[in-house]
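Read through the structure below, which is laid out as structure tokens, and then see the notes.
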Amino acid sequence: MRWSWPSLAVALVVWAILPLVVSRGTADLLVFTGIYSIAGLGIGLLLGHCGIVNLAQATFYGIGAYASAYCAVNLGLPAPVGFSVGALVSMALAYVIGRPVLRLTGYFLALGTLALSAIASALFFEWDWLTGGTLGIGGIPKLGLLGFALDRPSRYYYFVWIVAFGCMIVARNLVDSRTGLMLRAMRDSSTAAASLTVDIQGLRTRIFVVCALFGSIAGSLFAHHASFVSTQSFTVERSITFLLIPVIGGATSIPGIVVGALFVTFLPELLSKLGDFHQILFGLALVAVVVALPNGVMGAVESLWIRATRRSGHGG
Amino acid sequence: MTFSLVLQAIFAGVTNGLVYALVGMGLSTIFKGSRVINAMQGEFSVIGAMTTVLLLSQMHWPYPLAIAAGALVGAMLGGAIELAFVRYMTRKNASEDSFLLLTIGLALTLSASVLFFVGRDGHLLPPLGGDGVFILFDAVIQVHALWLIAIAIAATIGLRLFFHRTTLGLSMMAASIDADGAATTGINVARMRTYTFVLGGLLGALGGILVTPLVAVDYQLGLSLTLKGFAAAVLGGLTNPLGAAVGGITLGLVESLAIVGISSSYKDVVAFSVLIVIMILMPQGILGRAGRRGG
């Protein structure tokens, strides 16, 4: 399914007007959708192009958030420093951990990343000199851009989504590049790819590092939005939520990532009027998506599209 | 570090380890029979233990009967999930990942259901054999821990005998090793798959009921039990339920010795680090290749 220019223009106009017409609460959720899209994008790259189930994204999200919080509040440094420190630490950690852990495959790798997330969430809790433990770090300043304060959700929305679009372009170029070709070769037959001198481990590690970078950027954006970070935001459950984003939307589709991010941000909020019962419905909704739409929402839309165009005689 | 402290730690490690072992045995039984990684294995424990708690405190059932009912509910839940979801998805040739996600979704649903219907509070069961303790070289050991160890070991041996000596157990093994071959000899492969889930649910519920006198059961316990059970199963080589018993005890010992040697707050960090290292260095599990063959 390709985007034609008119539909892209309509989407752009809707995107630009959206925060101006919706309530503050909805604008806030749309900011989170943007943040989660960035974090989910990295997992989508790993899942869709390397077949890696990454259950450790909350770790890198947490590193980004704590780096921004610590640099801004405890050291009084400008925001770009926090973003850079988070990104560098996340990427370095992803590289060092990725090298050995990504040798695992299938379920073992999924469990390995889950174990990483559990270790990180325990360390975030224990290292309270750095993270503030359960009390967290508060008073993180809002961002400003060229003297323009991004202090309301409707303003921060534009900044977050422009960063998100930037990450999406990076991801898309990565997939369309030589690296993407190698990724596809590796996913379809890693033995054949290896015989054509594709460095399998190096490639997997590289995508893992990109995923960690996106996670860290999302975390820093979150810290400056929420003004407060604590261990509760970086648990294993959060890693599971991040994994759901590409799974629900469809891992190889960039619009799918946004659909997945909308699902995990808006659905709990819409259901929350039902009290504690909403979590049961959220779980059931997930089960329904997995059972009914094995390729995610965008996969289903795509196959419907192909079927529709075939039937009308325009060819698939 | 005194001798009695180490002894105490070893004892606690074996006790916790056998709980992980029961959860892990359930997980690997299900994996062996259906190639599904069951991310809701810990929820079997929570549901089983909660059922026992409620029957005991609300309905005033006798304790042994409440335990049996809790284990039965776990087993039925396992069978029901296979019939309702797994069978359908197997027929559609769903990928490994979608099974993992299905069970994650079910785990979220069940944990939220416990939160909604029972509430946030943790619940304890009375210890088996009363509150008594006895003292061995200055180490304090609860009578309940001995019961737990005895029942867990009996369950492990029982599982081995079941898979090796009974027609049903052998049929289940046959169906998992070669489904087509088993079908030609008249084994109902789909039903055997349901039974592996029943067995997995039973083992999970048993683990949950046995641990509840030591750790309060609440809606959040499932995920951590799943993680530890998963770790135990992987350490044992994943397809070997008995390996999971060895894996669980190893994990429990590493954890409790880490508490004595380092600090109680780094318990999970040490346990999961050991898990990652063992997965990388010993991909066949700690029993090696030999462990994979057994069942």
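Note on naming: chains are A, B, ... as they come in the structure tokens, residues start from 1 per chain, ligands start from 1 in the order shown.
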Considering only C-alpha atoms, extract the chain A residues located within 7 Å of chain B and return them as a list in words.
Val101, Leu104, Gly112, Ala115, Ile119, Ala122, Asp276, Phe277, Gln279, Ile280, Gly283, Leu284, Leu286, Val287, Val290, Val291 and Pro294 of chain A
Within 12 Å of region 137-149 of chain A using only C-alpha atoms, minus same-chain residues under 5 positions, as a count of residues only
44
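When the distance limit is 6 Å and only C-alpha atoms are what count, the residues near region 169-173 of chain B, minus those fewer than 4 positions from it on the same chain, are Phe162, Phe163 and Met192 of chain B.
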Would you list, as a PyMOL selection string, the residues of region 13-229 of chain A that end up in helix (DSSP H, G or I) under DSSP run on this structure's backbone?
chain A and resi 13-21+24-50+57-74+79-101+106-126+128-131+153-176+178-188+190-195+200-226
Between CA of Ser233 (chain A) and CA of Gly166 (chain A), what is the distance in Å, rounded to a tenth?
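Going from CA of Ser233 (chain A) over to CA of Gly166 (chain A), I get 24.5 Å.
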Which is closer to Ala216 (chain B) than all the others in B:Ala190, B:Val46, B:Ile278, B:Leu148, using only C-alpha atoms?
B:Val46
Do you have the CA of Val246 (chain B)-CA of Leu116 (chain A) distance handy?
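Between CA of Val246 (chain B) and CA of Leu116 (chain A) the gap works out to 22.8 Å.
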Env of Val236 (chain A): 8 Å cut, atoms = only C-alpha atoms, seq-sep filter 4 positions within chain, self excluded. Answer as a ChimeraX atom specification.
/A:55-56,58,114,117-118,121,240
Could you list, as a list of chain:residue names, every residue within 8 Å of Gly98 (chain A), counting only C-alpha atoms and ignoring same-chain residues fewer than 3 positions away?
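Near Gly98 (chain A), the qualifying residues are A:Leu93, A:Ala94, A:Tyr95, A:Val101, A:Leu102, A:Thr205, A:Phe208, A:Val209.
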Quick one: residues within 7 Å of region 193-203 of chain B, only C-alpha atoms, excluding same-chain residues fewer than 3 positions away - as a PyMOL selection string?
chain B and resi 22-23+26-27+29-30+33-34+44+71-72+74-79+82-83+189-190+206-207
Top pick for closest residue to Leu225 (chain B), considering B:Thr167, B:Thr51, B:Asn16, B:Asn188 and counting only C-alpha atoms:
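Selected residue with least distance to Leu225 (chain B): B:Asn16.
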Selection: 9 Å around Leu214 (chain B), only C-alpha atoms, excl. self and same-chain fewer than 6 positions, as a PDB file with N, CA and C atoms, in the first residue's frame:
```
ATOM      1  N   LEU B 124      -2.178 -14.891  52.504  1.00  0.00           N
ATOM      2  CA  LEU B 124      -1.316 -16.004  52.891  1.00  0.00           C
ATOM      3  C   LEU B 124      -2.170 -17.229  53.178  1.00  0.00           C
ATOM      4  N   LEU B 125      -1.601 -18.407  52.978  1.00  0.00           N
ATOM      5  CA  LEU B 125      -2.256 -19.652  53.398  1.00  0.00           C
ATOM      6  C   LEU B 125      -1.584 -20.118  54.683  1.00  0.00           C
ATOM      7  N   PRO B 127       0.591 -22.424  57.007  1.00  0.00           N
ATOM      8  CA  PRO B 127       1.647 -23.380  56.642  1.00  0.00           C
ATOM      9  C   PRO B 127       1.203 -24.822  56.869  1.00  0.00           C
ATOM     10  N   HIS B 144       6.841 -26.267  57.405  1.00  0.00           N
ATOM     11  CA  HIS B 144       6.213 -26.135  56.094  1.00  0.00           C
ATOM     12  C   HIS B 144       7.215 -26.352  54.966  1.00  0.00           C
ATOM     13  N   ALA B 145       8.443 -25.829  55.154  1.00  0.00           N
ATOM     14  CA  ALA B 145       9.462 -25.970  54.112  1.00  0.00           C
ATOM     15  C   ALA B 145       9.731 -27.441  53.818  1.00  0.00           C
TER      16      ALA B 145
END
```
Taking into account only C-alpha atoms, which residue in the set A:Gly42, A:Pro153, A:Pro6, A:Gly48 is nearest to Leu29 (chain A)?
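Smallest distance to Leu29 (chain A) is found for A:Pro153.
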